[in-house]
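Undergrad: The following block contains the structure, expressed as C-alpha coordinates.
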Amino acid sequence: LSVDDGWHSEAPLWLVENQALFDRLDWFPDAGPATVAYYAGQLSGELLGWLAHTPRAPRVVLFADYDGTGLLNYARLHAATQGACTFWLMPGWADLLRRYGNRELWQRCHADVERARLMLEQLGAEPELQSLCRTMAIEGAALEHEAVWLNLETMVDRSSKLVGR
(Lines give C-alpha, C1' and ligand atoms only; values in the text may rest on other atoms or scores of the structure.)
Protein backbone atom coordinates (compact mmCIF):
# COMPACT_ATOMS: atom_id res chain seq x y z
CA LEU A 1 0.00 0.00 0.00
CA SER A 2 1.09 3.50 -0.74
CA VAL A 3 -0.94 6.57 0.21
CA ASP A 4 -0.10 7.99 -3.20
CA ASP A 5 -1.43 5.06 -5.21
CA GLY A 6 -4.65 5.53 -7.14
CA TRP A 7 -6.38 2.34 -6.03
CA HIS A 8 -10.10 2.65 -5.48
CA SER A 9 -13.22 0.56 -5.89
CA GLU A 10 -16.66 1.55 -7.08
CA ALA A 11 -18.05 -1.11 -4.71
CA PRO A 12 -17.98 -1.14 -0.90
CA LEU A 13 -14.69 -2.35 0.57
CA TRP A 14 -15.24 -5.08 3.17
CA LEU A 15 -12.41 -5.74 5.63
CA VAL A 16 -12.66 -9.28 7.00
CA GLU A 17 -10.63 -10.31 10.04
CA ASN A 18 -10.47 -14.05 9.38
CA GLN A 19 -8.87 -15.97 6.52
CA ALA A 20 -11.63 -18.63 6.51
CA LEU A 21 -14.34 -15.99 6.07
CA PHE A 22 -12.30 -14.43 3.26
CA ASP A 23 -11.80 -17.80 1.54
CA ARG A 24 -15.44 -18.89 1.86
CA LEU A 25 -17.87 -16.04 1.17
CA ASP A 26 -21.16 -17.95 1.47
CA TRP A 27 -21.95 -15.83 4.56
CA PHE A 28 -21.74 -12.64 2.51
CA PRO A 29 -24.99 -10.65 2.32
CA ASP A 30 -26.52 -10.31 -1.12
CA ALA A 31 -25.77 -6.62 -1.27
CA GLY A 32 -24.42 -6.38 -4.81
CA PRO A 33 -20.81 -6.11 -5.93
CA ALA A 34 -18.14 -5.67 -3.29
CA THR A 35 -14.41 -5.71 -2.81
CA VAL A 36 -13.32 -8.00 0.03
CA ALA A 37 -9.94 -7.77 1.75
CA TYR A 38 -8.49 -9.89 4.53
CA TYR A 39 -6.56 -8.52 7.50
CA ALA A 40 -4.99 -10.56 10.27
CA GLY A 41 -6.44 -9.50 13.62
CA GLN A 42 -5.20 -5.91 13.83
CA LEU A 43 -5.79 -3.14 11.31
CA SER A 44 -2.30 -1.85 10.61
CA GLY A 45 -1.41 1.79 10.89
CA GLU A 46 -0.32 1.62 7.25
CA LEU A 47 -3.79 0.42 6.17
CA LEU A 48 -5.53 3.06 8.30
CA GLY A 49 -3.29 5.79 6.88
CA TRP A 50 -3.97 4.55 3.35
CA LEU A 51 -7.74 4.63 3.95
CA ALA A 52 -7.51 8.05 5.62
CA HIS A 53 -5.52 9.64 2.78
CA THR A 54 -8.26 9.52 0.14
CA PRO A 55 -11.63 7.80 -0.22
CA ARG A 56 -10.93 4.32 -1.60
CA ALA A 57 -14.51 3.05 -1.82
CA PRO A 58 -18.02 4.44 -1.37
CA ARG A 59 -18.14 2.67 2.00
CA VAL A 60 -15.68 0.67 4.13
CA VAL A 61 -17.32 -2.18 6.05
CA LEU A 62 -15.58 -3.94 8.92
CA PHE A 63 -16.55 -7.52 9.75
CA ALA A 64 -14.58 -8.29 12.88
CA ASP A 65 -15.04 -10.45 15.96
CA TYR A 66 -17.46 -8.97 18.47
CA ASP A 67 -14.77 -8.58 21.09
CA GLY A 68 -12.44 -5.92 22.42
CA THR A 69 -9.98 -6.18 19.54
CA GLY A 70 -12.69 -5.99 16.90
CA LEU A 71 -14.38 -3.00 18.52
CA LEU A 72 -11.09 -1.17 19.11
CA ASN A 73 -10.16 -1.80 15.47
CA TYR A 74 -13.47 -0.28 14.46
CA ALA A 75 -12.92 2.76 16.68
CA ARG A 76 -9.52 3.28 15.03
CA LEU A 77 -11.06 2.81 11.55
CA HIS A 78 -13.90 5.20 12.41
CA ALA A 79 -11.42 7.85 13.56
CA ALA A 80 -9.14 7.38 10.52
CA THR A 81 -11.97 7.57 7.99
CA GLN A 82 -13.83 10.29 9.91
CA GLY A 83 -16.86 8.03 10.18
CA ALA A 84 -16.92 6.92 6.54
CA CYS A 85 -17.21 3.29 7.59
CA THR A 86 -19.68 0.78 8.97
CA PHE A 87 -19.50 -2.16 11.35
CA TRP A 88 -21.39 -5.17 10.06
CA LEU A 89 -23.80 -6.76 12.49
CA MET A 90 -24.68 -10.18 11.20
CA PRO A 91 -28.37 -11.16 11.13
CA GLY A 92 -29.44 -12.50 14.51
CA TRP A 93 -26.27 -11.29 16.23
CA ALA A 94 -27.94 -10.98 19.67
CA ASP A 95 -29.27 -14.55 19.58
CA LEU A 96 -25.92 -15.82 18.32
CA LEU A 97 -24.17 -13.99 21.15
CA ARG A 98 -26.51 -15.48 23.75
CA ARG A 99 -26.25 -18.98 22.31
CA TYR A 100 -22.62 -19.21 21.20
CA GLY A 101 -20.89 -16.39 23.08
CA ASN A 102 -17.49 -17.15 24.50
CA ARG A 103 -17.22 -16.34 28.21
CA GLU A 104 -13.45 -16.92 28.39
CA LEU A 105 -12.90 -14.49 25.55
CA TRP A 106 -15.12 -11.97 27.38
CA GLN A 107 -12.99 -12.32 30.51
CA ARG A 108 -9.90 -11.47 28.48
CA CYS A 109 -11.43 -8.59 26.52
CA HIS A 110 -14.14 -6.88 28.57
CA ALA A 111 -11.87 -3.97 29.55
CA ASP A 112 -11.10 -3.36 25.84
CA VAL A 113 -14.82 -3.54 25.02
CA GLU A 114 -15.49 -0.81 27.56
CA ARG A 115 -12.59 1.25 26.23
CA ALA A 116 -13.91 0.85 22.68
CA ARG A 117 -17.45 1.70 23.78
CA LEU A 118 -16.28 4.98 25.27
CA MET A 119 -14.19 5.82 22.19
CA LEU A 120 -17.09 5.03 19.86
CA GLU A 121 -19.42 7.15 21.96
CA GLN A 122 -16.99 10.09 21.77
CA LEU A 123 -16.67 9.60 18.00
CA GLY A 124 -20.45 9.67 17.61
CA ALA A 125 -20.55 6.13 16.27
CA GLU A 126 -23.67 4.08 15.71
CA PRO A 127 -26.09 3.49 18.60
CA GLU A 128 -26.34 -0.16 17.51
CA LEU A 129 -22.74 -0.63 18.64
CA GLN A 130 -23.67 0.63 22.10
CA SER A 131 -26.40 -2.03 22.09
CA LEU A 132 -23.85 -4.67 21.08
CA CYS A 133 -21.53 -3.62 23.93
CA ARG A 134 -24.41 -3.66 26.46
CA THR A 135 -25.55 -7.10 25.32
CA MET A 136 -22.00 -8.44 25.55
CA ALA A 137 -21.74 -7.11 29.12
CA ILE A 138 -25.13 -8.52 30.13
CA GLU A 139 -24.30 -11.94 28.68
CA GLY A 140 -20.70 -11.83 29.86
CA ALA A 141 -19.66 -13.12 26.46
CA ALA A 142 -17.90 -12.10 23.26
CA LEU A 143 -18.60 -13.59 19.84
CA GLU A 144 -16.21 -14.68 17.16
CA HIS A 145 -17.52 -13.74 13.76
CA GLU A 146 -17.33 -17.31 12.45
CA ALA A 147 -20.65 -17.66 14.29
CA VAL A 148 -22.21 -16.29 11.11
CA TRP A 149 -22.10 -19.90 9.86
CA LEU A 150 -23.88 -21.28 12.94
CA ASN A 151 -27.22 -19.66 12.27
CA LEU A 152 -29.15 -21.51 9.57
CA GLU A 153 -31.43 -18.52 9.10
CA THR A 154 -28.38 -16.50 8.19
CA MET A 155 -27.57 -18.96 5.44
CA VAL A 156 -31.11 -18.87 4.05
CA ASP A 157 -31.93 -15.21 4.58
CA ARG A 158 -29.07 -13.14 3.19
CA SER A 159 -30.46 -9.96 4.69
CA SER A 160 -27.94 -7.91 6.55
CA LYS A 161 -27.75 -4.89 8.74
CA LEU A 162 -25.14 -2.28 8.08
CA VAL A 163 -24.72 0.30 10.75
CA GLY A 164 -23.07 3.58 10.09
CA ARG A 165 -23.30 6.62 7.97
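By order in the C-alpha coordinates, chains are A, B, ...; within a chain, residues start at 1; ligands start at 1, following the order shown.
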Please provide the set of residues having any atom within 6 Å of stretch 61-76 of chain A, restricted to only C-alpha atoms, with same-chain residues fewer than 3 positions apart removed, written as a ChimeraX atom specification.
TA: /A:14-17,79,85-88,109,112-113,116,120,142-145
Undergrad: Set the distance at 9 Å and use only C-alpha atoms: which residues neighbour A:Pro33 once local chain neighbours fewer than 4 positions away are removed? I'd like the list as a VMD selection string.
TA: chain A and resid 10 to 12
Undergrad: Take the residues that were just selected and, keeping all heavy atoms, output them as a PDB file, in the first residue's frame.
TA:
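Produced file result32.pdb, reproduced below:
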ATOM      1  N   GLU A  10     -15.319   0.980  -6.970  1.00  0.00           N
ATOM      2  CA  GLU A  10     -16.665   1.551  -7.082  1.00  0.00           C
ATOM      3  C   GLU A  10     -17.628   0.844  -6.131  1.00  0.00           C
ATOM      4  O   GLU A  10     -18.720   1.328  -5.877  1.00  0.00           O
ATOM      5  CB  GLU A  10     -17.172   1.433  -8.526  1.00  0.00           C
ATOM      6  CG  GLU A  10     -16.335   2.182  -9.539  1.00  0.00           C
ATOM      7  CD  GLU A  10     -16.285   3.684  -9.286  1.00  0.00           C
ATOM      8  OE1 GLU A  10     -17.327   4.259  -8.908  1.00  0.00           O
ATOM      9  OE2 GLU A  10     -15.204   4.273  -9.450  1.00  0.00           O
ATOM     10  N   ALA A  11     -17.217  -0.297  -5.610  1.00  0.00           N
ATOM     11  CA  ALA A  11     -18.052  -1.105  -4.710  1.00  0.00           C
ATOM     12  C   ALA A  11     -17.578  -0.905  -3.273  1.00  0.00           C
ATOM     13  O   ALA A  11     -16.439  -0.497  -3.035  1.00  0.00           O
ATOM     14  CB  ALA A  11     -17.954  -2.578  -5.092  1.00  0.00           C
ATOM     15  N   PRO A  12     -18.428  -1.208  -2.293  1.00  0.00           N
ATOM     16  CA  PRO A  12     -17.981  -1.140  -0.896  1.00  0.00           C
ATOM     17  C   PRO A  12     -16.762  -2.038  -0.672  1.00  0.00           C
ATOM     18  O   PRO A  12     -16.643  -3.112  -1.278  1.00  0.00           O
ATOM     19  CB  PRO A  12     -19.190  -1.658  -0.112  1.00  0.00           C
ATOM     20  CG  PRO A  12     -20.357  -1.429  -1.015  1.00  0.00           C
ATOM     21  CD  PRO A  12     -19.829  -1.607  -2.408  1.00  0.00           C
TER      22      PRO A  12
END
Undergrad: So that I can check the surroundings of A:Ala52, please list as a PyMOL selection string every protein, DNA and RNA residue that reaches within 12 Å of it, counting only C-alpha atoms and ignoring chain neighbours fewer than 2 positions away.
TA: chain A and resi 2-4+45-50+54-57+60+76-85
Undergrad: A:Ala147: which residues within 9 Å, counting only C-alpha atoms, same-chain residues fewer than 4 positions away excluded, as a count of residues only?
TA: 7
Undergrad: Taking the DSSP assignment computed from this structure's backbone, write out as number ranges by chain all residues of stretch 31-120 of chain A that belong to helix (DSSP H, G or I).
TA: A: 45-53, 68-80, 93-100, 103-120
Undergrad: Any idea what the distance is between atom CA of A:Tyr38 and atom CA of A:Met90?
TA: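 Atom CA of A:Met90 lies 17.5 Å from atom CA of A:Tyr38.
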Undergrad: Using only C-alpha atoms, which of the listed residues (A:Glu146, A:His110, A:Asp5, A:Arg99) sits closest to A:Leu21?
TA: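 Distance minimum relative to A:Leu21 lands on A:Glu146.
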Undergrad: Run DSSP on the backbone and grab whatever in stretch 42-147 of chain A lands in strand (DSSP E or B); send it over as a VMD selection string.
TA: chain A and resid 60 to 63 66 85 to 89 102 142 to 143
Undergrad: Which of these, A:Asp95, A:Ala34, A:Phe22, A:Arg134, has the shortest distance to A:Leu150 once you count only C-alpha atoms?
TA: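 For A:Leu150, the nearest of the given residues is A:Asp95.
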Undergrad: Would you compute the distance between atom CA of A:Val148 and atom CA of A:Pro91? Give it in Å to one decimal.
TA: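 These two atoms are separated by 8.0 Å.
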